[in-house]
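Shown next: structure-v3.pdb, containing PDB, C-alpha atoms.
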```
MODEL        1
ATOM      1  CA  MET A   1     167.824  28.832  42.056
ATOM      2  CA  ALA A   2     165.695  28.241  45.095
ATOM      3  CA  VAL A   3     162.108  28.338  46.128
ATOM      4  CA  THR A   4     161.021  30.359  49.107
ATOM      5  CA  ASP A   5     161.784  28.502  52.312
ATOM      6  CA  ASP A   6     159.527  28.088  55.332
ATOM      7  CA  THR A   7     160.388  31.461  56.799
ATOM      8  CA  GLY A   8     159.648  33.185  53.550
ATOM      9  CA  ASP A   9     163.162  34.613  53.362
ATOM     10  CA  PRO A  10     165.048  33.912  50.172
ATOM     11  CA  PRO A  11     168.582  32.576  50.515
ATOM     12  CA  ALA A  12     171.025  35.396  49.998
ATOM     13  CA  GLY A  13     172.164  35.895  46.453
ATOM     14  CA  GLU A  14     169.657  33.573  44.871
ATOM     15  CA  SER A  15     166.609  34.391  42.844
ATOM     16  CA  VAL A  16     163.169  33.393  43.996
ATOM     17  CA  ILE A  17     160.566  31.906  41.730
ATOM     18  CA  MET A  18     157.323  33.807  42.116
ATOM     19  CA  ARG A  19     155.345  32.169  39.351
ATOM     20  CA  ALA A  20     155.969  29.105  37.258
ATOM     21  CA  TRP A  21     154.521  27.431  34.218
ATOM     22  CA  ALA A  22     155.522  24.146  32.668
ATOM     23  CA  VAL A  23     154.733  21.562  30.052
ATOM     24  CA  LEU A  24     156.361  18.278  31.038
ATOM     25  CA  ALA A  25     156.914  15.162  28.976
ATOM     26  CA  MET A  26     155.279  16.683  25.918
ATOM     27  CA  PRO A  27     155.580  14.423  22.889
ATOM     28  CA  ALA A  28     158.202  15.937  20.574
ATOM     29  CA  ARG A  29     155.787  16.627  17.752
ATOM     30  CA  ALA A  30     155.601  19.794  15.698
ATOM     31  CA  GLU A  31     151.804  19.980  15.714
ATOM     32  CA  LEU A  32     151.853  20.573  19.497
ATOM     33  CA  LEU A  33     153.969  23.726  19.291
ATOM     34  CA  GLY A  34     150.954  25.956  18.688
ATOM     35  CA  ASP A  35     149.364  24.856  21.964
ATOM     36  CA  VAL A  36     152.631  25.527  23.798
ATOM     37  CA  ARG A  37     152.762  29.047  22.390
ATOM     38  CA  GLU A  38     149.180  29.741  23.395
ATOM     39  CA  GLY A  39     149.628  28.378  26.928
ATOM     40  CA  LEU A  40     152.818  30.348  27.429
ATOM     41  CA  ARG A  41     151.166  33.501  26.145
ATOM     42  CA  GLN A  42     148.284  33.210  28.607
ATOM     43  CA  TRP A  43     150.737  32.739  31.470
ATOM     44  CA  MET A  44     152.766  35.779  30.476
ATOM     45  CA  VAL A  45     149.721  37.976  29.962
ATOM     46  CA  ALA A  46     148.620  37.021  33.494
ATOM     47  CA  LEU A  47     152.067  38.127  34.722
ATOM     48  CA  GLY A  48     151.509  41.533  33.183
ATOM     49  CA  LEU A  49     153.868  41.288  30.239
ATOM     50  CA  THR A  50     152.866  43.236  27.171
ATOM     51  CA  SER A  51     151.908  41.460  23.986
ATOM     52  CA  ASP A  52     155.178  42.623  22.420
ATOM     53  CA  GLN A  53     157.271  41.243  25.282
ATOM     54  CA  ALA A  54     155.367  37.969  25.159
ATOM     55  CA  ASP A  55     155.957  37.743  21.399
ATOM     56  CA  VAL A  56     159.730  37.848  21.880
ATOM     57  CA  ILE A  57     159.770  35.105  24.496
ATOM     58  CA  ILE A  58     157.301  32.931  22.601
ATOM     59  CA  LEU A  59     159.392  33.158  19.441
ATOM     60  CA  CYS A  60     162.544  32.059  21.268
ATOM     61  CA  VAL A  61     160.808  29.218  23.105
ATOM     62  CA  ASP A  62     159.260  28.031  19.849
ATOM     63  CA  GLU A  63     162.663  27.989  18.182
ATOM     64  CA  ALA A  64     164.252  26.027  21.023
ATOM     65  CA  ALA A  65     161.360  23.555  21.085
ATOM     66  CA  SER A  66     161.409  23.223  17.289
ATOM     67  CA  ASN A  67     165.100  22.462  17.519
ATOM     68  CA  ALA A  68     164.369  19.660  19.960
ATOM     69  CA  VAL A  69     161.526  18.295  17.828
ATOM     70  CA  GLU A  70     163.678  18.271  14.742
ATOM     71  CA  HIS A  71     166.928  16.948  16.087
ATOM     72  CA  ALA A  72     166.656  15.336  19.468
ATOM     73  CA  TYR A  73     165.159  11.963  18.764
ATOM     74  CA  ALA A  74     166.152   9.549  16.072
ATOM     75  CA  ASP A  75     162.930   7.548  16.335
ATOM     76  CA  GLY A  76     160.603  10.522  16.743
ATOM     77  CA  THR A  77     159.023   9.300  19.974
ATOM     78  CA  GLY A  78     160.809  11.407  22.593
ATOM     79  CA  THR A  79     159.468  14.051  24.909
ATOM     80  CA  ILE A  80     160.281  17.658  25.729
ATOM     81  CA  ASP A  81     160.062  19.589  28.994
ATOM     82  CA  ILE A  82     159.408  23.313  28.902
ATOM     83  CA  GLN A  83     159.606  25.183  32.182
ATOM     84  CA  ALA A  84     159.084  28.899  32.622
ATOM     85  CA  ALA A  85     159.677  30.900  35.774
ATOM     86  CA  LYS A  86     159.172  34.467  36.841
ATOM     87  CA  THR A  87     161.762  35.433  39.449
ATOM     88  CA  VAL A  88     162.440  38.426  41.661
ATOM     89  CA  SER A  89     165.877  39.606  42.852
ATOM     90  CA  PRO A  90     166.744  39.750  40.039
ATOM     91  CA  CYS A  91     163.575  40.369  38.121
ATOM     92  CA  THR A  92     163.634  37.911  35.251
ATOM     93  CA  VAL A  93     161.647  35.580  33.112
ATOM     94  CA  ARG A  94     163.581  32.386  32.556
ATOM     95  CA  VAL A  95     162.587  29.486  30.314
ATOM     96  CA  THR A  96     164.311  26.136  29.929
ATOM     97  CA  VAL A  97     163.618  23.726  27.091
ATOM     98  CA  SER A  98     164.976  20.225  27.701
ATOM     99  CA  ASP A  99     165.046  16.994  25.800
ATOM    100  CA  ARG A 100     166.607  13.671  26.639
ATOM    101  CA  GLY A 101     167.715  12.759  23.170
ATOM    102  CA  ALA A 102     171.129  12.365  21.657
ATOM    103  CA  TRP A 103     171.966  15.353  19.495
ATOM    104  CA  ARG A 104     171.688  14.563  15.822
ATOM    105  CA  LYS A 105     173.615  16.491  13.279
ATOM    106  CA  PRO A 106     171.196  18.880  11.572
ATOM    107  CA  SER A 107     170.036  17.438   8.290
ATOM    108  CA  LYS A 108     170.262  19.338   5.049
ATOM    109  CA  GLY A 109     166.546  19.893   5.125
ATOM    110  CA  PRO A 110     164.508  22.905   4.090
ATOM    111  CA  ILE A 111     164.672  24.332   7.595
ATOM    112  CA  ASP A 112     167.866  26.114   8.546
ATOM    113  CA  ARG A 113     168.231  25.724  12.295
ATOM    114  CA  GLY A 114     171.140  28.120  12.315
ATOM    115  CA  ARG A 115     168.675  30.911  11.723
ATOM    116  CA  GLY A 116     166.609  29.710  14.691
ATOM    117  CA  LEU A 117     169.608  29.909  16.989
ATOM    118  CA  ALA A 118     170.402  33.350  15.603
ATOM    119  CA  LEU A 119     166.901  34.453  16.586
ATOM    120  CA  ILE A 120     167.369  33.123  20.114
ATOM    121  CA  ARG A 121     170.773  34.775  20.474
ATOM    122  CA  GLY A 122     169.474  38.066  19.131
ATOM    123  CA  LEU A 123     166.389  38.207  21.319
ATOM    124  CA  THR A 124     167.495  36.665  24.610
ATOM    125  CA  GLY A 125     169.337  38.493  27.378
ATOM    126  CA  GLN A 126     171.167  35.348  28.475
ATOM    127  CA  PHE A 127     171.283  32.170  26.449
ATOM    128  CA  ASP A 128     172.917  28.876  27.302
ATOM    129  CA  MET A 129     172.733  25.552  25.517
ATOM    130  CA  HIS A 130     174.110  22.481  27.216
ATOM    131  CA  THR A 131     174.286  19.140  25.438
ATOM    132  CA  GLY A 132     175.324  16.079  27.390
ATOM    133  CA  PRO A 133     174.689  12.351  27.501
ATOM    134  CA  ALA A 134     171.331  12.980  29.143
ATOM    135  CA  GLY A 135     170.119  15.330  26.437
ATOM    136  CA  THR A 136     170.090  19.015  25.609
ATOM    137  CA  THR A 137     168.895  21.877  27.789
ATOM    138  CA  VAL A 138     168.466  25.387  26.462
ATOM    139  CA  THR A 139     168.157  28.088  29.134
ATOM    140  CA  MET A 140     166.981  31.545  28.146
ATOM    141  CA  THR A 141     166.755  34.443  30.563
ATOM    142  CA  TRP A 142     165.331  37.889  30.037
ATOM    143  CA  VAL A 143     166.720  40.227  32.673
ATOM    144  CA  ASP A 144     166.528  43.654  31.092
ATOM    145  CA  PRO A 145     163.718  45.579  32.791
ATOM    146  CA  ALA A 146     162.751  46.867  29.379
ATOM    147  CA  GLN A 147     162.146  43.292  28.278
ATOM    148  CA  VAL A 148     160.362  42.102  31.401
ATOM    149  CA  ALA A 149     157.248  43.718  32.744
ATOM    150  CA  ASP A 150     157.826  45.414  36.077
ATOM    151  CA  ALA A 151     154.721  43.755  37.439
ATOM    152  CA  ALA A 152     155.471  41.825  40.641
ATOM    153  CA  CYS A 153     159.129  42.893  40.729
TER     154      CYS A 153
ATOM    155  CA  MET B   1     149.567  39.902 -29.036
ATOM    156  CA  PRO B   2     146.325  37.910 -29.277
ATOM    157  CA  PHE B   3     147.538  35.076 -27.084
ATOM    158  CA  ARG B   4     148.327  37.457 -24.254
ATOM    159  CA  ASP B   5     144.887  39.128 -24.517
ATOM    160  CA  GLU B   6     143.207  35.770 -24.325
ATOM    161  CA  VAL B   7     145.100  34.901 -21.149
ATOM    162  CA  ASP B   8     144.238  38.225 -19.533
ATOM    163  CA  GLN B   9     140.521  37.773 -20.209
ATOM    164  CA  THR B  10     140.614  34.362 -18.634
ATOM    165  CA  VAL B  11     142.298  35.794 -15.567
ATOM    166  CA  ALA B  12     139.667  38.539 -15.320
ATOM    167  CA  VAL B  13     136.864  35.998 -15.305
ATOM    168  CA  MET B  14     138.640  33.942 -12.668
ATOM    169  CA  ALA B  15     139.570  36.967 -10.562
ATOM    170  CA  THR B  16     137.612  35.950  -7.488
ATOM    171  CA  ALA B  17     138.896  32.380  -7.325
ATOM    172  CA  PRO B  18     142.431  31.739  -6.087
ATOM    173  CA  LEU B  19     144.772  29.822  -8.365
ATOM    174  CA  TRP B  20     145.831  27.667  -5.439
ATOM    175  CA  ASP B  21     144.215  27.191  -2.033
ATOM    176  CA  SER B  22     145.530  25.213   0.926
ATOM    177  CA  GLU B  23     141.920  24.439   1.859
ATOM    178  CA  ASP B  24     141.824  22.247  -1.228
ATOM    179  CA  ARG B  25     144.906  20.369  -0.093
ATOM    180  CA  ASP B  26     145.325  19.425   3.542
ATOM    181  CA  GLY B  27     142.198  21.145   4.799
ATOM    182  CA  LYS B  28     141.979  23.142   7.994
ATOM    183  CA  GLY B  29     144.828  24.176  10.225
ATOM    184  CA  PRO B  30     146.472  27.114  11.942
ATOM    185  CA  LEU B  31     147.703  28.372   8.567
ATOM    186  CA  GLY B  32     145.738  29.010   5.385
ATOM    187  CA  VAL B  33     147.463  29.991   2.152
ATOM    188  CA  THR B  34     146.149  31.007  -1.244
ATOM    189  CA  VAL B  35     147.831  32.060  -4.466
ATOM    190  CA  GLN B  36     146.066  34.841  -6.365
ATOM    191  CA  ARG B  37     146.772  36.888  -9.446
ATOM    192  CA  ASP B  38     146.808  40.657  -8.987
ATOM    193  CA  GLN B  39     147.686  42.621 -12.105
ATOM    194  CA  ASP B  40     151.126  41.355 -13.184
ATOM    195  CA  ALA B  41     151.858  39.793  -9.827
ATOM    196  CA  LEU B  42     151.246  36.442  -8.282
ATOM    197  CA  VAL B  43     150.349  36.998  -4.653
ATOM    198  CA  VAL B  44     150.822  34.311  -2.029
ATOM    199  CA  VAL B  45     148.522  35.236   0.853
ATOM    200  CA  ALA B  46     149.173  33.537   4.184
ATOM    201  CA  VAL B  47     146.750  33.779   7.100
ATOM    202  CA  GLY B  48     147.575  32.375  10.515
ATOM    203  CA  GLU B  49     150.737  31.004  12.100
ATOM    204  CA  VAL B  50     153.867  29.949  10.210
ATOM    205  CA  ASP B  51     155.833  27.528  12.353
ATOM    206  CA  MET B  52     157.724  24.276  11.875
ATOM    207  CA  HIS B  53     154.443  22.376  11.579
ATOM    208  CA  THR B  54     152.659  24.657   9.098
ATOM    209  CA  ALA B  55     155.645  25.764   6.999
ATOM    210  CA  PRO B  56     155.135  22.969   4.421
ATOM    211  CA  THR B  57     151.778  24.530   3.477
ATOM    212  CA  LEU B  58     153.435  27.859   2.694
ATOM    213  CA  SER B  59     156.252  26.022   0.943
ATOM    214  CA  ALA B  60     153.785  24.265  -1.379
ATOM    215  CA  ALA B  61     152.125  27.566  -2.271
ATOM    216  CA  LEU B  62     155.470  29.224  -2.989
ATOM    217  CA  ASP B  63     156.496  26.276  -5.165
ATOM    218  CA  PHE B  64     153.249  26.589  -7.104
ATOM    219  CA  ALA B  65     153.739  30.317  -7.619
ATOM    220  CA  LEU B  66     157.401  30.007  -8.604
ATOM    221  CA  ALA B  67     156.581  27.322 -11.130
ATOM    222  CA  ARG B  68     154.449  29.889 -12.973
ATOM    223  CA  THR B  69     156.973  32.389 -14.143
ATOM    224  CA  SER B  70     155.716  35.822 -13.261
ATOM    225  CA  PRO B  71     157.545  39.158 -13.211
ATOM    226  CA  LEU B  72     156.525  39.713  -9.611
ATOM    227  CA  LEU B  73     155.893  37.386  -6.680
ATOM    228  CA  VAL B  74     154.383  39.036  -3.609
ATOM    229  CA  VAL B  75     154.323  37.115  -0.335
ATOM    230  CA  ASP B  76     151.635  38.792   1.755
ATOM    231  CA  LEU B  77     152.191  38.165   5.476
ATOM    232  CA  SER B  78     149.812  40.942   6.626
ATOM    233  CA  ASP B  79     147.561  38.412   8.356
ATOM    234  CA  VAL B  80     150.290  36.186   9.727
ATOM    235  CA  THR B  81     150.424  36.333  13.518
ATOM    236  CA  PHE B  82     153.528  34.207  14.122
ATOM    237  CA  LEU B  83     156.613  33.665  11.978
ATOM    238  CA  ALA B  84     159.313  31.210  13.041
ATOM    239  CA  SER B  85     162.654  30.482  11.404
ATOM    240  CA  ALA B  86     161.029  27.727   9.336
ATOM    241  CA  GLY B  87     159.082  30.484   7.586
ATOM    242  CA  LEU B  88     162.133  32.712   7.255
ATOM    243  CA  SER B  89     163.943  29.902   5.459
ATOM    244  CA  LEU B  90     161.070  29.629   2.973
ATOM    245  CA  LEU B  91     161.316  33.342   2.174
ATOM    246  CA  VAL B  92     165.045  33.015   1.557
ATOM    247  CA  THR B  93     164.531  29.947  -0.621
ATOM    248  CA  ALA B  94     161.849  31.697  -2.657
ATOM    249  CA  HIS B  95     164.137  34.673  -3.138
ATOM    250  CA  GLN B  96     166.932  32.371  -4.319
ATOM    251  CA  GLN B  97     164.725  30.284  -6.604
ATOM    252  CA  ALA B  98     162.900  33.202  -8.208
ATOM    253  CA  GLY B  99     165.724  33.916 -10.590
ATOM    254  CA  GLU B 100     166.524  37.173 -12.286
ATOM    255  CA  HIS B 101     163.209  37.525 -14.120
ATOM    256  CA  THR B 102     160.983  37.403 -11.048
ATOM    257  CA  LYS B 103     161.077  40.008  -8.298
ATOM    258  CA  VAL B 104     160.086  38.793  -4.847
ATOM    259  CA  ARG B 105     158.461  41.211  -2.415
ATOM    260  CA  VAL B 106     157.294  40.525   1.115
ATOM    261  CA  VAL B 107     154.437  42.370   2.799
ATOM    262  CA  ALA B 108     154.824  42.540   6.571
ATOM    263  CA  THR B 109     153.464  45.087   8.999
ATOM    264  CA  ALA B 110     153.185  43.570  12.485
ATOM    265  CA  HIS B 111     156.049  43.753  14.968
ATOM    266  CA  ALA B 112     155.782  40.026  15.578
ATOM    267  CA  ILE B 113     156.547  39.394  11.895
ATOM    268  CA  LEU B 114     159.043  42.187  11.229
ATOM    269  CA  ARG B 115     161.055  41.305  14.330
ATOM    270  CA  PRO B 116     162.352  37.884  13.193
ATOM    271  CA  ILE B 117     162.996  39.272   9.708
ATOM    272  CA  GLN B 118     165.067  42.134  11.089
ATOM    273  CA  ILE B 119     166.937  40.184  13.786
ATOM    274  CA  THR B 120     168.211  37.765  11.140
ATOM    275  CA  ALA B 121     169.032  40.695   8.815
ATOM    276  CA  LEU B 122     166.735  39.351   6.110
ATOM    277  CA  ASP B 123     165.400  42.881   5.610
ATOM    278  CA  THR B 124     168.694  43.535   3.824
ATOM    279  CA  LEU B 125     168.093  40.588   1.474
ATOM    280  CA  LEU B 126     164.332  40.751   0.949
ATOM    281  CA  ALA B 127     162.252  43.691  -0.268
ATOM    282  CA  ILE B 128     159.801  44.425   2.565
ATOM    283  CA  TYR B 129     156.614  46.384   1.843
ATOM    284  CA  SER B 130     154.025  47.837   4.194
ATOM    285  CA  SER B 131     150.975  46.928   2.109
ATOM    286  CA  ARG B 132     149.949  44.537  -0.603
ATOM    287  CA  ASP B 133     148.893  47.397  -2.884
ATOM    288  CA  ARG B 134     152.312  49.023  -2.597
ATOM    289  CA  ALA B 135     154.064  45.737  -3.228
ATOM    290  CA  VAL B 136     151.989  44.968  -6.316
ATOM    291  CA  ALA B 137     152.320  48.514  -7.678
ATOM    292  CA  GLY B 138     156.016  48.642  -6.828
TER     293      GLY B 138
ENDMDL
END
```
Can you present the structure in this file as structure tokens?
Amino acid sequence: MAVTDDTGDPPAGESVIMRAWAVLAMPARAELLGDVREGLRQWMVALGLTSDQADVIILCVDEAASNAVEHAYADGTGTIDIQAAKTVSPCTVRVTVSDRGAWRKPSKGPIDRGRGLALIRGLTGQFDMHTGPAGTTVTMTWVDPAQVADAAC
Amino acid sequence: MPFRDEVDQTVAVMATAPLWDSEDRDGKGPLGVTVQRDQDALVVVAVGEVDMHTAPTLSAALDFALARTSPLLVVDLSDVTFLASAGLSLLVTAHQQAGEHTKVRVVATAHAILRPIQITALDTLLAIYSSRDRAVAG
């Protein structure tokens, strides 16, 4: 990952972020997820993605963020970072959802998070979840041209 | 059966008022849910977004409907614009709790709603209908 350097030439073999959108240090509260979805949708519509393509990405981001809200923080006061990027070479939309909490074992609540992860796996071109001492980061990338609008690629 | 006739007349009089309404509970929000009677069916009508935050509203409506034993429970998602896994879990739970005397049918038409149902293969577990009328008529 790199941003365009001063000469405007991308480093060989690395993707270049053309557009970015982020929500940083958002309180990990479920009632804020609707605003995240709406903000992300507006960004993707501006990129030229269709409503259907935006729906897929929004669903996956919502699931990853819900996962963080539900499990990341024992005291319920943590924050979440959501960062979205549109890249060229290759043409992708990539979204990371990060928390800084210690992973808690999913409770036997009414919500089955396994189904949320199944949604992400089924609808994301590339999916990676990394949990470490500093927290959990979910990275989702849509690379299939059929899934990403060809605008700006 | 006189008792049954009496019940039906009461329902006819009350036809325009929902049996249960989320507006009467926690007020406004991105999801509104009502429970209505339609012929032999109880119909749970959801309007808006079903996510982790709003799922408890739908859950309460489903609990209300399931507590009133009915031969048919229709969950109408025609006017739902977003359905997350929290909502999928509620559909599965309702299906499991309904028991053998209550059929559960789900009305879903939009891609955004059918997609999560199909990706998680719940269309093989749940009976999906393309309109409320079809679901009620069966």
(message) For the provided coordinates, the residues matched by the PyMOL selection byres ((chain A) within 8 of (chain B)) should be stated as a PyMOL selection string.
(response) chain A and resi 30-31+33+52+55-56+59+62-63+66+110-113+115-116+118-119+122-123
(request) Determine, counting all atoms listed in the file, which protein, DNA and RNA residues have an atom within 6 Å of an atom of Ala85 (chain A); residues of the same chain fewer than 6 positions away are not included. Present the result as a VMD selection string. (result) chain A and resid 19 to 20 93 to 94
(message) Expand the PyMOL selection byres ((chain A and resi 36) around 10) into the explicit residue set it covers here, and present it as a ChimeraX atom specification.
(response) /A:22-23,26,31-35,37-41,58,61-62,65,82
Export, as a CSV table (one decimal), keeping the file's coordinate frame, the selected residues with C-alpha atoms.
```csv
chain,number,residue,atom,x,y,z
A,22,ALA,CA,155.5,24.1,32.7
A,23,VAL,CA,154.7,21.6,30.1
A,26,MET,CA,155.3,16.7,25.9
A,31,GLU,CA,151.8,20.0,15.7
A,32,LEU,CA,151.9,20.6,19.5
A,33,LEU,CA,154.0,23.7,19.3
A,34,GLY,CA,151.0,26.0,18.7
A,35,ASP,CA,149.4,24.9,22.0
A,37,ARG,CA,152.8,29.0,22.4
A,38,GLU,CA,149.2,29.7,23.4
A,39,GLY,CA,149.6,28.4,26.9
A,40,LEU,CA,152.8,30.3,27.4
A,41,ARG,CA,151.2,33.5,26.1
A,58,ILE,CA,157.3,32.9,22.6
A,61,VAL,CA,160.8,29.2,23.1
A,62,ASP,CA,159.3,28.0,19.8
A,65,ALA,CA,161.4,23.6,21.1
A,82,ILE,CA,159.4,23.3,28.9
```
(request) Rounded to one decimal place, report the CA of His71 (chain A)-CA of Leu125 (chain B) distance in Å. (result)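 Between these atoms lies a distance of 27.8 Å.
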(request) For the file shown, report as JSON, numbers by chain the outcome of the PyMOL selection byres ((chain B and resi 41) around 12) at residue level. (result) {"B": [11, 35, 36, 37, 38, 39, 40, 42, 43, 44, 65, 66, 68, 69, 70, 71, 72, 73, 74, 75, 76, 102, 103, 104, 105, 132, 133, 134, 135, 136, 137, 138]}
(request) Do a neighbour search on Leu77 (chain B) at 8 Å with all atoms listed in the file, toss out local chain neighbours closer than 2 positions, and write the hits as an NGL selection string. (result) :B and (45-47 or 75 or 79-80 or 106-109 or 113)
